[in-house]
Amino acid sequence: MLRKGGKSLFSLSTLLASFFGAVMIAAAFAYFNYKFSEFKFINFKEWIFYEKKDIFVPKEPKYIVVFYSSRESNAMDELARLSLNMPILAIDYYNKVRENTKNTIFLRSGTKNSLSFIQRFNIYESPSIFFIKKSKDSLYKQDSMIRKLDNLKELSKQIDSL
């Protein structure tokens, strides 16, 4: 079909626009697949964390991981009071010993383990939060992006919005 002047309605520019549109959609799909596959694993048999004096052995299928600093005012008390629909693994940067509560398990580890954890999960801010879920035995996979918490008091509101 030809228009006036002898040009086709199905022009080269229409073809190129369709092609670039399809390429952009494919690139977006590939990027999001890559970002999801970027999630990391943690094996609690290889990475040793302690609850008070005992070695932590995970029992639940899912956990909320909160990496925090006990030097922030009242951080440990706020974490101890939280009651969410999943247990919390509270990992302290300064490794203070704290009694577990009903919903919060306070973990600590050696310097090498802590630095490996920070590096593996690319944690740059404190407090930070992410979810893990059981893959098999003591192997857990990161199940969310790592988010910065602006305020521990807001944790339950942010969890509900995820």
# chains A, B, ... in the order shown; residues from 1 in each chain; ligands from 1

call {"tool": "residues_around", "arguments": {"residues": "Leu107 (chain A)", "least_positions_apart": "3", "cutoff": "9 Å", "atoms": "only C-alpha atoms", "output": "PyMOL selection string"}}
result
chain A and resi 49-52+56+89-92+95-98+100

call {"tool": "write_last_selection", "arguments": {"atoms": "C-alpha atoms", "output": "compact mmCIF listing (two decimals), in the first residue's frame"}}
result
# COMPACT_ATOMS: atom_id res chain seq x y z
CA PHE A 49 27.05 -17.52 64.66
CA TYR A 50 26.52 -17.69 68.41
CA GLU A 51 23.48 -17.16 70.59
CA LYS A 52 25.00 -16.27 73.94
CA PHE A 56 23.13 -21.01 66.32
CA LEU A 89 17.94 -12.89 63.39
CA ALA A 90 19.52 -9.78 64.89
CA ILE A 91 23.22 -9.69 64.01
CA ASP A 92 25.17 -7.12 65.99
CA ASN A 95 28.96 -8.61 69.03
CA LYS A 96 27.33 -7.79 72.37
CA VAL A 97 25.79 -10.74 74.16
CA ARG A 98 22.03 -10.44 74.63
CA ASN A 100 17.00 -14.01 73.10

call {"tool": "residues_around", "arguments": {"residues": "Lys148 (chain A)", "least_positions_apart": "3", "cutoff": "10 Å", "atoms": "only C-alpha atoms", "output": "ChimeraX atom specification"}}
result
/A:66-67,123-130,145,151

call {"tool": "write_last_selection", "arguments": {"atoms": "all heavy atoms", "output": "compact mmCIF listing (two decimals), in the first residue's frame"}}
result
# COMPACT_ATOMS: atom_id res chain seq x y z
N VAL A 66 18.29 -8.81 60.50
CA VAL A 66 18.53 -7.40 60.76
C VAL A 66 19.98 -7.27 61.20
O VAL A 66 20.39 -7.84 62.21
CB VAL A 66 17.59 -6.85 61.86
CG1 VAL A 66 17.92 -5.38 62.15
CG2 VAL A 66 16.14 -7.00 61.45
N PHE A 67 20.75 -6.55 60.42
CA PHE A 67 22.14 -6.26 60.77
C PHE A 67 22.13 -4.87 61.40
O PHE A 67 21.70 -3.90 60.78
CB PHE A 67 23.03 -6.30 59.53
CG PHE A 67 24.48 -6.11 59.85
CD1 PHE A 67 25.23 -7.17 60.31
CD2 PHE A 67 25.08 -4.88 59.72
CE1 PHE A 67 26.58 -7.01 60.61
CE2 PHE A 67 26.41 -4.70 60.02
CZ PHE A 67 27.16 -5.77 60.48
N ILE A 123 26.57 -5.09 52.72
CA ILE A 123 25.90 -4.25 53.71
C ILE A 123 26.75 -3.00 53.93
O ILE A 123 27.91 -3.09 54.29
CB ILE A 123 25.70 -5.02 55.02
CG1 ILE A 123 24.76 -6.20 54.75
CG2 ILE A 123 25.14 -4.11 56.10
CD1 ILE A 123 24.56 -7.12 55.91
N TYR A 124 26.13 -1.86 53.68
CA TYR A 124 26.84 -0.59 53.79
C TYR A 124 26.27 0.31 54.89
O TYR A 124 26.89 1.29 55.25
CB TYR A 124 26.78 0.17 52.46
CG TYR A 124 27.39 -0.59 51.32
CD1 TYR A 124 26.59 -1.12 50.31
CD2 TYR A 124 28.76 -0.82 51.26
CE1 TYR A 124 27.15 -1.84 49.26
CE2 TYR A 124 29.33 -1.53 50.22
CZ TYR A 124 28.52 -2.04 49.22
OH TYR A 124 29.07 -2.75 48.19
N GLU A 125 25.08 -0.01 55.38
CA GLU A 125 24.42 0.85 56.36
C GLU A 125 23.90 0.00 57.51
O GLU A 125 23.66 -1.18 57.38
CB GLU A 125 23.24 1.56 55.69
CG GLU A 125 23.61 2.18 54.38
CD GLU A 125 23.31 3.64 54.31
OE1 GLU A 125 23.15 4.26 55.38
OE2 GLU A 125 23.23 4.14 53.20
N SER A 126 23.72 0.66 58.64
CA SER A 126 23.17 -0.01 59.81
C SER A 126 22.06 0.86 60.39
O SER A 126 22.27 2.06 60.54
CB SER A 126 24.29 -0.20 60.83
OG SER A 126 23.77 -0.68 62.04
N PRO A 127 20.93 0.30 60.69
CA PRO A 127 20.50 -1.09 60.51
C PRO A 127 20.06 -1.37 59.08
O PRO A 127 19.54 -0.51 58.40
CB PRO A 127 19.33 -1.22 61.49
CG PRO A 127 18.78 0.15 61.62
CD PRO A 127 19.93 1.08 61.43
N SER A 128 20.29 -2.59 58.65
CA SER A 128 19.85 -3.07 57.34
C SER A 128 19.02 -4.32 57.55
O SER A 128 19.18 -5.03 58.54
CB SER A 128 21.05 -3.40 56.45
OG SER A 128 21.75 -2.24 56.11
N ILE A 129 18.15 -4.59 56.60
CA ILE A 129 17.23 -5.72 56.73
C ILE A 129 17.12 -6.47 55.40
O ILE A 129 17.17 -5.86 54.34
CB ILE A 129 15.83 -5.26 57.19
CG1 ILE A 129 14.88 -6.43 57.33
CG2 ILE A 129 15.27 -4.23 56.24
CD1 ILE A 129 13.54 -6.08 57.90
N PHE A 130 16.98 -7.78 55.49
CA PHE A 130 16.63 -8.60 54.33
C PHE A 130 16.06 -9.91 54.84
O PHE A 130 16.11 -10.22 56.02
CB PHE A 130 17.82 -8.82 53.38
CG PHE A 130 18.99 -9.55 53.97
CD1 PHE A 130 19.16 -10.91 53.78
CD2 PHE A 130 19.96 -8.85 54.69
CE1 PHE A 130 20.26 -11.57 54.30
CE2 PHE A 130 21.07 -9.52 55.22
CZ PHE A 130 21.22 -10.86 55.02
N MET A 145 15.75 -7.94 48.50
CA MET A 145 16.84 -6.97 48.40
C MET A 145 17.18 -6.51 49.83
O MET A 145 16.36 -6.59 50.73
CB MET A 145 16.41 -5.76 47.57
CG MET A 145 16.04 -6.10 46.13
SD MET A 145 17.37 -6.82 45.19
CE MET A 145 18.37 -5.40 44.88
N ASN A 151 14.88 3.70 60.89
CA ASN A 151 14.54 3.73 62.29
C ASN A 151 14.02 2.34 62.69
O ASN A 151 13.09 1.84 62.07
CB ASN A 151 13.46 4.80 62.50
CG ASN A 151 13.12 5.00 63.94
OD1 ASN A 151 13.40 4.16 64.78
ND2 ASN A 151 12.49 6.12 64.23

call {"tool": "select_by_dssp", "arguments": {"residues": "region 43-79 of chain A", "states": "alpha helix (DSSP H)", "output": "list in words"}}
result
Ala75, Met76, Asp77, Glu78 and Leu79 of chain A

call {"tool": "write_last_selection", "arguments": {"atoms": "N, CA and C atoms", "output": "short mmCIF file (atom, residue, chain, number, x, y, z; two decimals), in the first residue's frame"}}
result
data_model
loop_
_atom_site.label_atom_id
_atom_site.label_comp_id
_atom_site.auth_asym_id
_atom_site.auth_seq_id
_atom_site.Cartn_x
_atom_site.Cartn_y
_atom_site.Cartn_z
N ALA A 75 18.89 0.22 70.47
CA ALA A 75 18.68 -0.68 69.33
C ALA A 75 18.34 -2.09 69.78
N MET A 76 19.08 -2.61 70.75
CA MET A 76 18.85 -3.99 71.20
C MET A 76 17.48 -4.12 71.88
N ASP A 77 17.10 -3.13 72.67
CA ASP A 77 15.80 -3.19 73.34
C ASP A 77 14.66 -3.12 72.33
N GLU A 78 14.80 -2.27 71.33
CA GLU A 78 13.76 -2.17 70.31
C GLU A 78 13.62 -3.48 69.53
N LEU A 79 14.73 -4.11 69.19
CA LEU A 79 14.68 -5.40 68.50
C LEU A 79 14.06 -6.47 69.39
#

call {"tool": "closest_residue", "arguments": {"among": "A:Asp143, A:Leu115, A:Asn43, A:Lys102", "to": "Ser83 (chain A)", "atoms": "only C-alpha atoms"}}
result
A:Lys102

call {"tool": "atom_distance", "arguments": {"atom1": "CA of Ile88 (chain A)", "atom2": "CA of Tyr68 (chain A)"}}
result
11.9 Å

call {"tool": "closest_residue", "arguments": {"among": "A:Ala28, A:Ala80, A:Asp150, A:Leu15", "to": "Thr101 (chain A)", "atoms": "only C-alpha atoms"}}
result
A:Ala80

call {"tool": "closest_residue", "arguments": {"among": "A:Ile25, A:Ile64, A:Leu149, A:Ile42", "to": "Ile105 (chain A)", "atoms": "only C-alpha atoms"}}
result
A:Ile64

call {"tool": "residues_around", "arguments": {"residues": "Tyr94 (chain A)", "least_positions_apart": "4", "cutoff": "9 Å", "atoms": "only C-alpha atoms", "output": "list of chain:residue names"}}
result
A:Tyr68, A:Ser69, A:Ser70, A:Arg71, A:Arg108

call {"tool": "write_last_selection", "arguments": {"atoms": "C-alpha atoms", "output": "compact mmCIF listing (two decimals), in the first residue's frame"}}
result
# COMPACT_ATOMS: atom_id res chain seq x y z
CA TYR A 68 22.45 -3.51 63.38
CA SER A 69 24.80 -1.74 65.76
CA SER A 70 24.28 -2.18 69.49
CA ARG A 71 25.92 1.23 69.91
CA ARG A 108 27.23 -12.62 67.20

call {"tool": "residues_around", "arguments": {"residues": "Phe39 (chain A)", "least_positions_apart": "5", "cutoff": "10 Å", "atoms": "only C-alpha atoms", "output": "MDAnalysis selection string"}}
result
chainID A and resid 34 120:121 132 141:146

call {"tool": "select_by_dssp", "arguments": {"residues": "region 32-138 of chain A", "states": "strand (DSSP E)", "output": "PyMOL selection string"}}
result
chain A and resi 41-43+50-51+54-55+62-68+88-92+104-107+128-136

call {"tool": "write_last_selection", "arguments": {"atoms": "N, CA and C atoms", "output": "tab-separated table (two decimals), in the first residue's frame"}}
result
chain	number	residue	atom	x	y	z
A	41	PHE	N	23.68	-16.81	49.09
A	41	PHE	CA	23.37	-17.91	50.00
A	41	PHE	C	24.19	-17.76	51.27
A	42	ILE	N	23.66	-18.33	52.35
A	42	ILE	CA	24.39	-18.41	53.60
A	42	ILE	C	24.22	-19.82	54.14
A	43	ASN	N	25.34	-20.47	54.41
A	43	ASN	CA	25.32	-21.81	54.96
A	43	ASN	C	25.73	-21.72	56.42
A	50	TYR	N	26.79	-17.26	67.03
A	50	TYR	CA	26.52	-17.69	68.41
A	50	TYR	C	25.33	-16.96	68.99
A	51	GLU	N	24.51	-17.73	69.74
A	51	GLU	CA	23.48	-17.16	70.59
A	51	GLU	C	24.05	-17.30	72.00
A	54	ASP	N	26.01	-20.65	72.84
A	54	ASP	CA	25.71	-21.78	71.96
A	54	ASP	C	25.82	-21.39	70.48
A	55	ILE	N	26.18	-22.37	69.67
A	55	ILE	CA	26.21	-22.16	68.22
A	55	ILE	C	24.77	-22.14	67.72
A	62	LYS	N	11.96	-19.60	57.33
A	62	LYS	CA	12.24	-18.22	56.90
A	62	LYS	C	12.66	-17.39	58.10
A	63	TYR	N	13.51	-16.41	57.84
A	63	TYR	CA	13.94	-15.47	58.87
A	63	TYR	C	14.01	-14.07	58.30
A	64	ILE	N	13.83	-13.10	59.17
A	64	ILE	CA	14.14	-11.71	58.86
A	64	ILE	C	15.51	-11.46	59.45
A	65	VAL	N	16.45	-11.01	58.64
A	65	VAL	CA	17.81	-10.73	59.12
A	65	VAL	C	17.93	-9.22	59.28
A	66	VAL	N	18.29	-8.81	60.50
A	66	VAL	CA	18.53	-7.40	60.76
A	66	VAL	C	19.98	-7.27	61.20
A	67	PHE	N	20.75	-6.55	60.42
A	67	PHE	CA	22.14	-6.26	60.77
A	67	PHE	C	22.13	-4.87	61.40
A	68	TYR	N	22.58	-4.77	62.65
A	68	TYR	CA	22.45	-3.51	63.38
A	68	TYR	C	23.68	-3.27	64.24
A	88	ILE	N	13.20	-13.07	63.93
A	88	ILE	CA	14.24	-12.12	63.55
A	88	ILE	C	15.59	-12.66	63.98
A	89	LEU	N	16.55	-12.64	63.05
A	89	LEU	CA	17.94	-12.89	63.39
A	89	LEU	C	18.61	-11.53	63.48
A	90	ALA	N	18.91	-11.09	64.67
A	90	ALA	CA	19.52	-9.78	64.89
A	90	ALA	C	21.03	-9.97	65.03
A	91	ILE	N	21.77	-9.52	64.03
A	91	ILE	CA	23.22	-9.69	64.01
A	91	ILE	C	23.86	-8.35	64.36
A	92	ASP	N	24.57	-8.36	65.47
A	92	ASP	CA	25.17	-7.12	65.99
A	92	ASP	C	26.57	-6.92	65.45
A	104	THR	N	12.95	-12.72	68.68
A	104	THR	CA	14.24	-12.21	68.22
A	104	THR	C	15.39	-13.06	68.75
A	105	ILE	N	16.22	-13.51	67.82
A	105	ILE	CA	17.41	-14.28	68.18
A	105	ILE	C	18.62	-13.37	67.95
A	106	PHE	N	19.34	-13.07	69.02
A	106	PHE	CA	20.50	-12.18	68.93
A	106	PHE	C	21.74	-13.02	68.63
A	107	LEU	N	22.39	-12.69	67.52
A	107	LEU	CA	23.55	-13.46	67.08
A	107	LEU	C	24.81	-12.60	67.11
A	128	SER	N	20.29	-2.59	58.65
A	128	SER	CA	19.85	-3.07	57.34
A	128	SER	C	19.02	-4.32	57.55
A	129	ILE	N	18.15	-4.59	56.60
A	129	ILE	CA	17.23	-5.72	56.73
A	129	ILE	C	17.12	-6.47	55.40
A	130	PHE	N	16.98	-7.78	55.49
A	130	PHE	CA	16.63	-8.60	54.33
A	130	PHE	C	16.06	-9.91	54.84
A	131	PHE	N	15.47	-10.66	53.94
A	131	PHE	CA	14.84	-11.93	54.28
A	131	PHE	C	15.69	-13.08	53.74
A	132	ILE	N	15.67	-14.19	54.45
A	132	ILE	CA	16.29	-15.42	53.95
A	132	ILE	C	15.27	-16.54	54.07
A	133	LYS	N	15.38	-17.51	53.17
A	133	LYS	CA	14.50	-18.69	53.28
A	133	LYS	C	15.34	-19.93	53.07
A	134	LYS	N	14.90	-20.99	53.69
A	134	LYS	CA	15.62	-22.26	53.67
A	134	LYS	C	15.64	-22.84	52.26
A	135	SER	N	16.83	-23.26	51.85
A	135	SER	CA	16.98	-23.92	50.57
A	135	SER	C	17.08	-25.43	50.80
A	136	LYS	N	17.98	-25.83	51.71
A	136	LYS	CA	18.08	-27.22	52.16
A	136	LYS	C	18.98	-27.25	53.39

call {"tool": "atom_distance", "arguments": {"atom1": "CA of Lys45 (chain A)", "atom2": "CA of Leu82 (chain A)"}}
result
27.3 Å
